[in-house]
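> I am sharing upload.cif, which consists of mmCIF, C-alpha atoms:
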data_coords
#
loop_
_atom_site.label_atom_id
_atom_site.label_comp_id
_atom_site.auth_asym_id
_atom_site.auth_seq_id
_atom_site.Cartn_x
_atom_site.Cartn_y
_atom_site.Cartn_z
CA MET A 1277 -25.45 76.99 -2.24
CA ASP A 1278 -24.60 77.06 1.45
CA ILE A 1279 -25.73 73.45 1.78
CA LEU A 1280 -23.35 72.39 -1.02
CA LYS A 1281 -20.41 74.24 0.54
CA ALA A 1282 -21.16 72.65 3.92
CA GLU A 1283 -21.22 69.17 2.34
CA ILE A 1284 -17.89 69.78 0.55
CA ALA A 1285 -16.33 70.99 3.81
CA ARG A 1286 -17.65 67.92 5.63
CA LYS A 1287 -16.19 65.56 3.02
CA ARG A 1288 -12.84 67.37 3.07
CA LYS A 1289 -12.67 67.20 6.86
CA LEU A 1290 -13.50 63.48 6.76
CA ILE A 1291 -10.70 62.81 4.28
CA GLU A 1292 -8.20 64.85 6.32
CA GLU A 1293 -9.11 62.86 9.42
CA LYS A 1294 -8.32 59.64 7.60
CA ASP A 1295 -4.85 60.95 6.65
CA LEU A 1296 -5.48 60.41 2.95
CA VAL A 1297 -4.25 63.86 1.85
CA ASP A 1298 -1.81 66.40 3.25
CA ASP A 1299 0.11 69.45 2.08
CA SER A 1300 2.35 67.38 -0.21
CA LYS A 1301 -0.46 65.15 -1.56
CA LYS A 1302 -3.54 66.73 -3.09
CA PHE A 1303 -5.26 63.54 -4.24
CA PHE A 1304 -5.88 59.98 -3.03
CA LYS A 1305 -6.87 56.59 -4.44
CA ARG A 1306 -10.33 55.20 -4.00
CA SER A 1307 -8.80 51.92 -2.80
CA ASP A 1308 -7.03 53.76 0.07
CA LEU A 1309 -10.35 55.24 1.19
CA ALA A 1310 -12.00 51.81 1.05
CA ARG A 1311 -9.17 50.31 3.08
CA LYS A 1312 -9.44 53.03 5.72
CA GLU A 1313 -13.21 52.54 5.96
CA GLN A 1314 -12.70 48.79 6.33
CA GLU A 1315 -10.18 49.33 9.15
CA ASP A 1316 -12.61 51.64 10.93
CA TYR A 1317 -15.36 49.06 10.56
CA PHE A 1318 -13.15 46.33 12.03
CA LYS A 1319 -12.22 48.58 14.96
CA ARG A 1320 -15.85 49.36 15.68
CA CYS A 1321 -16.67 45.63 15.61
CA GLY A 1322 -13.80 44.79 17.94
CA TYR A 1323 -11.61 42.92 15.41
CA LYS A 1324 -7.86 43.29 15.34
CA VAL A 1325 -6.51 44.86 12.17
CA ASP A 1326 -3.60 42.86 10.70
CA LYS A 1327 -0.96 45.29 9.50
CA LYS A 1328 1.12 42.59 7.78
CA GLU A 1329 -1.22 42.15 4.84
CA ASP A 1330 1.17 43.86 2.45
CA GLU A 1331 4.02 41.61 3.54
CA GLN A 1332 1.89 38.51 3.14
CA SER A 1333 0.70 39.55 -0.31
CA THR A 1334 4.30 40.04 -1.36
CA SER A 1335 5.36 36.62 -0.08
CA ALA A 1336 2.31 35.02 -1.70
CA ASN A 1337 3.58 36.09 -5.12
CA PRO A 1338 6.57 33.82 -5.89
CA VAL A 1339 7.62 35.74 -8.99
CA LEU A 1340 7.72 39.10 -7.15
CA GLU A 1341 9.59 37.54 -4.24
CA MET A 1342 12.08 35.97 -6.64
CA GLU A 1343 12.63 39.29 -8.42
CA LEU A 1344 13.47 40.93 -5.11
CA THR A 1345 16.15 38.36 -4.33
CA GLU A 1346 17.38 37.40 -7.79
CA GLU A 1347 20.64 39.31 -7.33
CA LYS A 1348 21.59 36.94 -4.52
CA LEU A 1349 21.04 33.73 -6.49
CA PRO A 1350 23.95 32.24 -8.45
CA MET A 1351 23.51 30.52 -11.82
CA THR A 1352 23.28 26.85 -10.83
CA LEU A 1353 22.61 25.38 -14.32
CA SER A 1354 24.86 25.22 -17.35
CA ARG A 1355 23.91 27.06 -20.52
CA GLN A 1356 23.24 23.74 -22.31
CA GLU A 1357 20.81 22.64 -19.58
CA VAL A 1358 19.03 26.00 -19.66
CA VAL A 1359 18.61 25.73 -23.43
CA ARG A 1360 17.32 22.17 -23.16
CA ARG A 1361 14.71 23.05 -20.54
CA LEU A 1362 13.54 26.12 -22.44
CA ARG A 1363 13.11 24.09 -25.62
CA GLU A 1364 11.11 21.47 -23.72
CA ARG A 1365 8.68 24.22 -22.79
CA ALA A 1366 8.62 25.69 -26.33
CA GLU A 1367 10.20 28.93 -25.09
CA PRO A 1368 12.83 31.04 -26.93
CA VAL A 1369 16.32 30.06 -25.86
CA ARG A 1370 17.43 33.70 -25.83
CA PHE A 1371 15.74 37.08 -26.17
CA PHE A 1372 17.36 40.05 -27.88
CA GLY A 1373 20.02 41.51 -25.60
CA GLU A 1374 19.54 38.76 -23.01
CA SER A 1375 22.55 37.36 -21.16
CA ASP A 1376 23.00 33.75 -20.01
CA TYR A 1377 22.08 34.76 -16.47
CA ASP A 1378 18.93 36.55 -17.66
CA ALA A 1379 17.87 33.42 -19.55
CA PHE A 1380 18.48 31.35 -16.40
CA GLN A 1381 16.31 33.72 -14.35
CA ARG A 1382 13.57 33.57 -17.00
CA LEU A 1383 13.65 29.76 -16.87
CA ARG A 1384 13.30 29.84 -13.09
CA LYS A 1385 10.25 32.11 -13.33
CA ILE A 1386 8.65 29.82 -15.92
CA GLU A 1387 9.30 26.71 -13.82
CA ILE A 1388 7.80 28.34 -10.73
CA LEU A 1389 4.67 29.46 -12.55
CA THR A 1390 4.18 26.21 -14.53
CA PRO A 1391 6.08 23.43 -12.72
CA GLU A 1392 4.48 20.54 -14.65
CA VAL A 1393 4.72 20.54 -18.44
CA ASN A 1394 3.78 17.59 -20.70
CA LYS A 1395 4.04 15.13 -17.84
CA GLY A 1396 1.11 13.16 -19.16
CA LEU A 1397 2.74 12.65 -22.57
CA ARG A 1398 5.87 10.86 -21.39
CA ASN A 1399 6.93 7.47 -22.71
CA ASP A 1400 8.17 5.77 -19.54
CA LEU A 1401 9.88 2.91 -21.35
CA LYS A 1402 11.72 5.29 -23.68
CA ALA A 1403 12.83 7.36 -20.68
CA ALA A 1404 14.17 4.22 -18.99
CA MET A 1405 15.96 3.21 -22.22
CA ASP A 1406 17.53 6.66 -22.51
CA LYS A 1407 18.74 6.38 -18.93
CA ILE A 1408 20.39 3.01 -19.67
CA ASP A 1409 22.00 4.39 -22.84
CA LEU A 1410 23.32 7.39 -20.92
CA LYS A 1411 24.97 5.10 -18.38
CA TYR A 1412 26.79 3.17 -21.10
CA LEU A 1413 27.77 6.39 -22.86
CA ASN A 1414 29.30 7.72 -19.65
CA GLU A 1415 31.15 4.42 -19.27
CA ILE A 1416 32.61 4.75 -22.79
CA VAL A 1417 33.71 8.32 -22.11
CA GLY A 1418 35.20 7.44 -18.72
CA GLY A 1419 36.70 4.13 -19.75
CA THR A 1420 37.48 1.05 -17.65
CA GLU A 1421 40.64 -0.89 -17.00
CA PRO A 1422 41.13 -4.04 -19.12
CA GLY A 1423 40.00 -7.16 -17.31
CA GLU A 1424 38.09 -5.16 -14.73
CA VAL A 1425 34.55 -6.33 -13.97
CA ASP A 1426 32.16 -3.43 -14.42
CA THR A 1427 29.27 -3.62 -11.96
CA GLN A 1428 28.41 0.07 -11.71
CA HIS A 1429 25.66 -0.28 -14.32
CA ASP A 1430 24.01 -3.29 -12.70
CA LEU A 1431 20.45 -2.94 -11.50
CA LYS A 1432 19.90 -2.14 -7.86
CA VAL A 1433 18.96 -5.21 -5.83
CA HIS A 1434 16.81 -4.79 -2.72
CA GLU A 1435 17.95 -7.46 -0.30
CA GLU A 1436 14.98 -8.74 1.68
CA HIS A 1437 16.99 -11.48 3.47
CA THR A 1438 14.27 -14.01 2.86
CA THR A 1439 13.81 -17.16 0.78
CA ILE A 1440 10.98 -18.57 -1.26
CA GLU A 1441 10.55 -21.34 1.32
CA GLU A 1442 9.94 -18.80 4.08
CA LEU A 1443 7.42 -16.98 1.92
CA GLU A 1444 5.63 -20.20 0.98
CA ALA A 1445 5.28 -20.95 4.69
CA LEU A 1446 3.38 -17.65 5.10
CA ARG A 1447 0.80 -18.41 2.42
CA ASN A 1448 -1.56 -20.04 4.95
CA THR A 1449 -1.79 -16.73 6.82
CA LEU A 1450 -3.10 -14.88 3.76
CA GLY A 1451 -6.81 -14.12 3.65
CA THR A 1452 -7.45 -15.01 7.30
CA GLY A 1453 -8.71 -11.54 8.27
CA ASP A 1454 -5.40 -9.96 9.31
CA ASP A 1455 -5.24 -7.06 6.86
CA GLU A 1456 -1.94 -5.64 8.12
CA GLY A 1457 -0.33 -9.08 8.06
CA ASP A 1458 -1.57 -9.68 4.52
CA GLN A 1459 -0.13 -6.37 3.33
CA GLU A 1460 3.24 -7.15 4.92
CA VAL A 1461 3.40 -10.52 3.14
CA ILE A 1462 2.40 -8.92 -0.17
CA ASP A 1463 5.06 -6.21 0.21
CA LYS A 1464 7.75 -8.74 1.13
CA PHE A 1465 6.91 -11.13 -1.72
CA LEU A 1466 6.77 -8.44 -4.43
CA ARG A 1467 10.09 -6.95 -3.30
CA PHE A 1468 11.55 -10.47 -3.28
CA LEU A 1469 10.47 -11.00 -6.89
CA LEU A 1470 11.98 -7.65 -7.91
CA GLY A 1471 15.26 -8.72 -6.31
CA VAL A 1472 15.21 -12.10 -8.08
CA TRP A 1473 14.57 -10.38 -11.40
CA ALA A 1474 17.38 -7.86 -10.84
CA LYS A 1475 19.88 -10.59 -9.87
CA ASP A 1476 18.98 -12.54 -12.99
CA LEU A 1477 19.56 -9.49 -15.21
CA ASN A 1478 22.83 -8.62 -13.45
CA SER A 1479 24.17 -12.15 -14.01
CA ARG A 1480 24.07 -11.79 -17.82
CA GLU A 1481 27.18 -11.49 -19.92
CA ASP A 1482 28.40 -7.99 -20.64
CA HIS A 1483 27.74 -8.22 -24.38
CA VAL A 1484 24.18 -9.34 -23.64
CA LYS A 1485 23.61 -6.34 -21.38
CA ARG A 1486 24.82 -4.00 -24.12
CA SER A 1487 22.59 -5.47 -26.82
CA VAL A 1488 19.27 -3.90 -27.75
CA GLN A 1489 17.32 -6.71 -26.12
CA GLY A 1490 19.50 -6.52 -23.03
CA LYS A 1491 18.95 -2.78 -22.66
CA LEU A 1492 15.22 -3.29 -23.20
CA ALA A 1493 15.10 -5.89 -20.41
CA SER A 1494 16.94 -3.57 -18.02
CA ALA A 1495 14.67 -0.67 -18.94
CA THR A 1496 11.59 -2.86 -18.39
CA HIS A 1497 12.81 -3.72 -14.89
CA SER A 1498 13.43 -0.05 -14.06
CA GLN A 1499 10.03 0.89 -15.44
CA THR A 1500 8.30 -1.85 -13.42
CA GLU A 1501 10.07 -0.74 -10.24
CA SER A 1502 8.86 2.84 -10.76
CA TYR A 1503 5.34 1.59 -11.51
CA LEU A 1504 5.19 -0.35 -8.24
CA LYS A 1505 6.35 2.51 -5.99
CA PRO A 1506 2.78 3.77 -5.32
CA LEU A 1507 1.71 0.24 -4.43
CA PHE A 1508 4.65 -0.23 -2.05
CA ARG A 1509 3.84 3.14 -0.47
CA LYS A 1510 0.25 2.06 0.20
CA LEU A 1511 1.40 -1.29 1.56
CA ARG A 1512 3.90 0.38 3.87
CA LYS A 1513 1.25 2.77 5.19
CA LYS A 1514 -1.33 -0.05 5.40
CA SER A 1515 -3.69 2.05 3.29
CA LEU A 1516 -4.36 -0.26 0.35
CA PRO A 1517 -8.06 -0.17 -0.65
CA ALA A 1518 -9.98 -3.21 0.57
CA ASP A 1519 -11.15 -4.40 -2.85
CA ILE A 1520 -7.66 -4.14 -4.37
CA LYS A 1521 -6.10 -5.80 -1.31
CA GLU A 1522 -8.49 -8.73 -1.49
CA SER A 1523 -7.71 -9.34 -5.16
CA ILE A 1524 -3.93 -8.99 -4.75
CA THR A 1525 -4.06 -11.31 -1.71
CA ASP A 1526 -5.68 -14.01 -3.84
CA ILE A 1527 -3.10 -13.50 -6.59
CA ILE A 1528 -0.15 -13.75 -4.17
CA LYS A 1529 -1.63 -16.81 -2.49
CA PHE A 1530 -2.01 -18.63 -5.81
CA MET A 1531 1.51 -17.60 -6.85
CA LEU A 1532 2.98 -19.02 -3.63
CA GLU A 1533 1.05 -22.24 -4.28
CA ARG A 1534 2.42 -22.14 -7.86
CA GLU A 1535 -1.09 -22.17 -9.25
CA TYR A 1536 -0.31 -19.71 -12.00
CA VAL A 1537 -3.48 -20.32 -14.03
CA LYS A 1538 -5.63 -19.47 -11.01
CA ALA A 1539 -3.41 -16.46 -10.28
CA ASN A 1540 -3.91 -15.25 -13.85
CA ASP A 1541 -7.68 -15.65 -13.52
CA ALA A 1542 -7.64 -13.65 -10.28
CA TYR A 1543 -5.53 -10.98 -12.01
CA LEU A 1544 -8.02 -10.67 -14.88
CA GLN A 1545 -10.84 -10.49 -12.35
CA MET A 1546 -9.10 -7.53 -10.69
CA ALA A 1547 -7.89 -5.79 -13.86
CA ILE A 1548 -10.90 -5.90 -16.17
CA GLY A 1549 -13.62 -7.40 -13.93
CA ASN A 1550 -16.66 -9.37 -15.04
CA ALA A 1551 -19.45 -6.88 -14.40
CA PRO A 1552 -21.95 -6.40 -17.25
CA TRP A 1553 -20.79 -2.78 -17.37
CA PRO A 1554 -17.07 -3.08 -16.52
CA ILE A 1555 -16.54 0.65 -16.03
CA GLY A 1556 -18.69 0.43 -12.92
CA VAL A 1557 -21.89 2.28 -13.87
CA THR A 1558 -24.59 1.04 -11.50
CA MET A 1559 -27.08 3.93 -11.44
CA VAL A 1560 -28.27 5.73 -14.54
CA GLY A 1561 -31.36 7.45 -13.14
CA ILE A 1562 -33.73 7.52 -10.22
CA HIS A 1563 -34.62 3.84 -10.62
CA ALA A 1564 -32.35 1.04 -9.52
CA ARG A 1565 -30.87 -1.03 -12.28
CA THR A 1566 -31.90 -4.69 -12.63
CA GLY A 1567 -29.35 -6.95 -10.96
CA ARG A 1568 -27.59 -4.02 -9.33
CA GLU A 1569 -27.03 -5.97 -6.12
CA LYS A 1570 -24.80 -8.38 -8.07
CA ILE A 1571 -22.31 -5.65 -8.98
CA PHE A 1572 -19.66 -5.08 -6.32
CA SER A 1573 -16.65 -2.82 -6.43
CA LYS A 1574 -14.34 -5.81 -6.80
CA HIS A 1575 -16.17 -6.86 -9.98
CA VAL A 1576 -15.47 -3.67 -11.92
CA ALA A 1577 -12.39 -2.77 -13.94
CA HIS A 1578 -9.79 -1.33 -11.57
CA VAL A 1579 -7.44 -0.80 -14.49
CA LEU A 1580 -9.77 2.00 -15.63
CA ASN A 1581 -9.78 3.90 -12.34
CA ASP A 1582 -6.69 6.05 -12.81
CA GLU A 1583 -3.27 6.02 -14.41
CA THR A 1584 -1.34 5.22 -11.22
CA GLN A 1585 -3.46 2.18 -10.48
CA ARG A 1586 -3.16 0.98 -14.06
CA LYS A 1587 0.62 1.15 -13.86
CA TYR A 1588 1.07 -0.89 -10.71
CA ILE A 1589 -1.48 -3.45 -11.92
CA GLN A 1590 0.62 -3.78 -15.07
CA GLY A 1591 3.80 -4.08 -12.98
CA LEU A 1592 2.16 -6.83 -10.92
CA LYS A 1593 1.49 -8.84 -14.10
CA ARG A 1594 5.17 -8.63 -15.05
CA LEU A 1595 6.16 -9.98 -11.65
CA MET A 1596 3.70 -12.84 -12.11
CA THR A 1597 5.53 -13.78 -15.32
CA ILE A 1598 8.91 -13.57 -13.56
CA CYS A 1599 7.64 -15.76 -10.72
CA GLN A 1600 6.44 -18.43 -13.16
CA LYS A 1601 9.77 -18.31 -14.99
CA HIS A 1602 11.96 -18.76 -11.89
CA PHE A 1603 9.73 -20.97 -9.72
CA THR A 1604 8.45 -23.54 -12.16
CA THR A 1605 5.72 -26.11 -11.75
CA VAL A 1606 3.91 -28.61 -13.95
CA PRO A 1607 2.89 -27.24 -17.38
CA SER A 1608 -0.83 -27.67 -16.68
CA LYS A 1609 -0.62 -25.02 -13.93
CA CYS A 1610 1.31 -22.50 -16.04
CA VAL A 1611 0.15 -19.74 -18.35
CA GLU A 1612 1.68 -19.93 -21.85
CA TYR A 1613 4.27 -22.41 -20.67
CA ASN A 1614 6.18 -22.60 -23.96
CA ALA A 1615 6.34 -18.81 -24.35
CA LEU A 1616 8.71 -18.30 -21.40
#
Spell out the structure here as structure tokens.


Amino acid sequence: MDILKAEIARKRKLIEEKDLVDDSKKFFKRSDLARKEQEDYFKRCGYKVDKKEDEQSTSANPVLEMELTEEKLPMTLSRQEVVRRLRERAEPVRFFGESDYDAFQRLRKIEILTPEVNKGLRNDLKAAMDKIDLKYLNEIVGGTEPGEVDTQHDLKVHEEHTTIEELEALRNTLGTGDDEGDQEVIDKFLRFLLGVWAKDLNSREDHVKRSVQGKLASATHSQTESYLKPLFRKLRKKSLPADIKESITDIIKFMLEREYVKANDAYLQMAIGNAPWPIGVTMVGIHARTGREKIFSKHVAHVLNDETQRKYIQGLKRLMTICQKHFTTVPSKCVEYNAL
């Protein structure tokens, strides 16, 4: 019995030394004891104990941090926009007894916790068409003066201050081993073709622009421009993969020579490849596959790699069609000559 009392007294003294209980607090949490023991261990080992852990854990929780400061934030969205965003996320537009500001705060919490919703299910062409329709709707609501030329809905033209003759003079420098020079020529030529396409669409009559086919053409240009942004980013940073760069260099070189059939063959070689297994499977076990040395990365289907690559490869094909339409050559060197 004396041994048990001595053990209880020792435990009580140990707890009092750790400041876990006092006259106003008769109990403690097991987590507090574990934290105190961990601090003692760190001190014995010579480590510095960081006392800002609680502050960091609070700042690491975005919802808790937002709740602490939500009184300071004004309502920056209209009620209609809040309802639209909540419906996109399949959330109730209003809870019982909830005000407009409470619904706005709930939307902010949902967007912070799940920022991306249904991004992989978007129809890019439909989104571009809706954007064009919205522009014309705003024009009808705002109105224009009679006889005034409306250019506010024209496509944006990126002026490269270059001509097709200057670009054709650079074709001999392609594929000579200067990777950075090749990527600069590719970037300049693709932007030039986008500008030519945009100028052609902007020069249409107003009733043509407002037709269904006219809106579809404008939406296709906007969609192509968004598809090519990752490619332009890689070209600007000089980080285009070697196999893709080699294929695109051949395509651009043939386009500048107005050899559109050869350019189309090079495009198909890059897009779908000619490997026996186009997806790129070269090893299926511990033994090497027969003829494996004949399969290179440039022979596989790059269009199957990822969605971003598929999009800018598709955008490149559209620019090839635009180039053939505006810079003609003999029919034997064209692809589907009568279809353009």

> What separation in Å, quoted to one decimal, exists between atom CA of A:Ala1539 and atom CA of A:Met1596?

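Here the two named atoms are 8.2 Å from each other.
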
> For A:Lys1411, which residue out of A:Ala1495, A:Thr1605, A:Gly1373, A:Ile1527 is the nearest one, using all atoms listed in the file?

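Under the stated criterion, the closest residue is A:Ala1495.
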
> Neighbouring residues of A:Lys1402 were defined as those with any atom within 12 Å, considering only C-alpha atoms; residues of the same chain fewer than 4 positions away were excluded. Please report them as a PyMOL selection string.

chain A and resi 1397-1398+1406-1409+1491-1492+1494-1496+1498-1499

> Using only C-alpha atoms, which of the listed residues (A:Leu1592, A:Met1277, A:Leu1431, A:Leu1532) sits closest to A:Leu1544?

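Among the listed residues, the smallest separation from A:Leu1544 belongs to A:Leu1592.
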
> Fewer than 6 positions away in the same chain doesn't count, so skip those; otherwise give me all residues within 12 Å of A:Gln1600, counting only C-alpha atoms, as a list of chain:residue names.

A:Leu1469, A:Val1472, A:Trp1473, A:Phe1530, A:Met1531, A:Leu1532, A:Glu1533, A:Arg1534, A:Glu1535, A:Tyr1536, A:Val1537, A:Ala1539, A:Asn1540, A:Lys1593, A:Arg1594, A:Val1606, A:Pro1607, A:Lys1609, A:Cys1610, A:Val1611, A:Glu1612, A:Tyr1613, A:Asn1614, A:Ala1615, A:Leu1616

> Could you write those residues out with C-alpha atoms, as a compact mmCIF listing (two decimals), in the frame of the given file?


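Final output, saved to again-v5.txt:
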# COMPACT_ATOMS: atom_id res chain seq x y z
CA LEU A 1469 10.47 -11.00 -6.89
CA VAL A 1472 15.21 -12.10 -8.08
CA TRP A 1473 14.57 -10.38 -11.40
CA PHE A 1530 -2.01 -18.63 -5.81
CA MET A 1531 1.51 -17.60 -6.85
CA LEU A 1532 2.98 -19.02 -3.63
CA GLU A 1533 1.05 -22.24 -4.28
CA ARG A 1534 2.42 -22.14 -7.86
CA GLU A 1535 -1.09 -22.17 -9.25
CA TYR A 1536 -0.31 -19.71 -12.00
CA VAL A 1537 -3.48 -20.32 -14.03
CA ALA A 1539 -3.41 -16.46 -10.28
CA ASN A 1540 -3.91 -15.25 -13.85
CA LYS A 1593 1.49 -8.84 -14.10
CA ARG A 1594 5.17 -8.63 -15.05
CA VAL A 1606 3.91 -28.61 -13.95
CA PRO A 1607 2.89 -27.24 -17.38
CA LYS A 1609 -0.62 -25.02 -13.93
CA CYS A 1610 1.31 -22.50 -16.04
CA VAL A 1611 0.15 -19.74 -18.35
CA GLU A 1612 1.68 -19.93 -21.85
CA TYR A 1613 4.27 -22.41 -20.67
CA ASN A 1614 6.18 -22.60 -23.96
CA ALA A 1615 6.34 -18.81 -24.35
CA LEU A 1616 8.71 -18.30 -21.40

> What is the atom CA of A:Lys1385 to atom CA of A:Val1369 distance in Å?

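Between atom CA of A:Lys1385 and atom CA of A:Val1369 the gap is 14.1 Å.
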
> Could you check how far atom CA of A:Gly1549 sits from atom CA of A:Asn1448, in Å to one decimal?

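Atom CA of A:Asn1448 lies at a distance of 25.7 Å from atom CA of A:Gly1549.
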
> Calculated over all atoms listed in the file, which of the candidates A:Leu1466, A:Leu1477, A:Ala1404, A:Leu1309 has the smallest distance to A:Cys1599?

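Result for the nearest residue to A:Cys1599: A:Leu1466.
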
> Would you translate the PyMOL selection byres ((chain A and resi 1378) around 12) into the concrete set of residues it matches in this file, as number ranges by chain?

A: 1343, 1346-1347, 1349-1351, 1355, 1358, 1369-1377, 1379-1385

> With the file shown as input, list the residues that the PyMOL selection byres ((chain A and resi 1515-1522) around 12) selects, as a compact mmCIF listing (two decimals) with C-alpha atoms, keeping the file's coordinate frame.


# COMPACT_ATOMS: atom_id res chain seq x y z
CA LEU A 1450 -3.10 -14.88 3.76
CA GLY A 1451 -6.81 -14.12 3.65
CA THR A 1452 -7.45 -15.01 7.30
CA GLY A 1453 -8.71 -11.54 8.27
CA ASP A 1454 -5.40 -9.96 9.31
CA ASP A 1455 -5.24 -7.06 6.86
CA GLU A 1456 -1.94 -5.64 8.12
CA GLY A 1457 -0.33 -9.08 8.06
CA ASP A 1458 -1.57 -9.68 4.52
CA GLN A 1459 -0.13 -6.37 3.33
CA GLU A 1460 3.24 -7.15 4.92
CA VAL A 1461 3.40 -10.52 3.14
CA ILE A 1462 2.40 -8.92 -0.17
CA ASP A 1463 5.06 -6.21 0.21
CA PRO A 1506 2.78 3.77 -5.32
CA LEU A 1507 1.71 0.24 -4.43
CA PHE A 1508 4.65 -0.23 -2.05
CA ARG A 1509 3.84 3.14 -0.47
CA LYS A 1510 0.25 2.06 0.20
CA LEU A 1511 1.40 -1.29 1.56
CA ARG A 1512 3.90 0.38 3.87
CA LYS A 1513 1.25 2.77 5.19
CA LYS A 1514 -1.33 -0.05 5.40
CA SER A 1523 -7.71 -9.34 -5.16
CA ILE A 1524 -3.93 -8.99 -4.75
CA THR A 1525 -4.06 -11.31 -1.71
CA ASP A 1526 -5.68 -14.01 -3.84
CA ILE A 1527 -3.10 -13.50 -6.59
CA ILE A 1528 -0.15 -13.75 -4.17
CA LYS A 1529 -1.63 -16.81 -2.49
CA ALA A 1542 -7.64 -13.65 -10.28
CA TYR A 1543 -5.53 -10.98 -12.01
CA GLN A 1545 -10.84 -10.49 -12.35
CA MET A 1546 -9.10 -7.53 -10.69
CA ALA A 1547 -7.89 -5.79 -13.86
CA GLY A 1549 -13.62 -7.40 -13.93
CA PHE A 1572 -19.66 -5.08 -6.32
CA SER A 1573 -16.65 -2.82 -6.43
CA LYS A 1574 -14.34 -5.81 -6.80
CA HIS A 1575 -16.17 -6.86 -9.98
CA VAL A 1576 -15.47 -3.67 -11.92
CA ALA A 1577 -12.39 -2.77 -13.94
CA HIS A 1578 -9.79 -1.33 -11.57
CA VAL A 1579 -7.44 -0.80 -14.49
CA ASN A 1581 -9.78 3.90 -12.34
CA GLN A 1585 -3.46 2.18 -10.48
CA ARG A 1586 -3.16 0.98 -14.06
CA TYR A 1588 1.07 -0.89 -10.71
CA ILE A 1589 -1.48 -3.45 -11.92

> Calculated over only C-alpha atoms, which of the candidates A:Leu1504, A:Thr1390, A:Gly1471, A:Leu1410 has the smallest distance to A:Thr1439?

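Closest candidate: A:Gly1471.
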
> Between A:Val1359, A:Val1488, A:Leu1595, A:Leu1389, which residue has the minimum interatomic distance to A:Phe1465, considering only C-alpha atoms?

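Ranked by minimum distance to A:Phe1465, first place goes to A:Leu1595.
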
> Please enumerate the residues selected by the PyMOL selection byres ((chain A and resi 1437) around 12) when evaluated against the supplied file, formatted as a ChimeraX atom specification.

/A:1433-1436,1438-1443,1464-1465,1467-1468,1471-1472

> Rebuild stretch 1471-1481 of chain A so that it carries N, CA, C and O atoms, then output the result as a CSV table (one decimal), in the frame of the given file.


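Output file result.csv follows:
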chain,number,residue,atom,x,y,z
A,1471,GLY,N,13.9,-8.4,-6.5
A,1471,GLY,CA,15.3,-8.7,-6.3
A,1471,GLY,C,15.7,-9.9,-7.1
A,1471,GLY,O,16.8,-9.9,-7.7
A,1472,VAL,N,14.9,-10.9,-7.3
A,1472,VAL,CA,15.2,-12.1,-8.1
A,1472,VAL,C,15.4,-11.7,-9.5
A,1472,VAL,O,16.3,-12.1,-10.2
A,1473,TRP,N,14.5,-10.9,-10.0
A,1473,TRP,CA,14.6,-10.4,-11.4
A,1473,TRP,C,15.8,-9.6,-11.6
A,1473,TRP,O,16.5,-9.8,-12.6
A,1474,ALA,N,16.2,-8.7,-10.7
A,1474,ALA,CA,17.4,-7.9,-10.8
A,1474,ALA,C,18.7,-8.7,-10.8
A,1474,ALA,O,19.6,-8.5,-11.6
A,1475,LYS,N,18.7,-9.7,-9.9
A,1475,LYS,CA,19.9,-10.6,-9.9
A,1475,LYS,C,20.0,-11.4,-11.2
A,1475,LYS,O,21.2,-11.6,-11.6
A,1476,ASP,N,18.9,-11.8,-11.7
A,1476,ASP,CA,19.0,-12.5,-13.0
A,1476,ASP,C,19.5,-11.7,-14.1
A,1476,ASP,O,20.3,-12.1,-14.9
A,1477,LEU,N,19.1,-10.4,-14.2
A,1477,LEU,CA,19.6,-9.5,-15.2
A,1477,LEU,C,21.0,-9.1,-15.0
A,1477,LEU,O,21.8,-9.0,-16.0
A,1478,ASN,N,21.4,-9.0,-13.7
A,1478,ASN,CA,22.8,-8.6,-13.4
A,1478,ASN,C,23.8,-9.8,-13.8
A,1478,ASN,O,25.0,-9.5,-14.0
A,1479,SER,N,23.3,-11.0,-13.8
A,1479,SER,CA,24.2,-12.2,-14.0
A,1479,SER,C,24.4,-12.4,-15.5
A,1479,SER,O,25.1,-13.3,-15.8
A,1480,ARG,N,23.9,-11.6,-16.4
A,1480,ARG,CA,24.1,-11.8,-17.8
A,1480,ARG,C,25.5,-11.4,-18.2
A,1480,ARG,O,26.2,-10.7,-17.5
A,1481,GLU,N,25.9,-11.9,-19.4
A,1481,GLU,CA,27.2,-11.5,-19.9
A,1481,GLU,C,27.1,-10.0,-20.3
A,1481,GLU,O,26.1,-9.5,-20.6
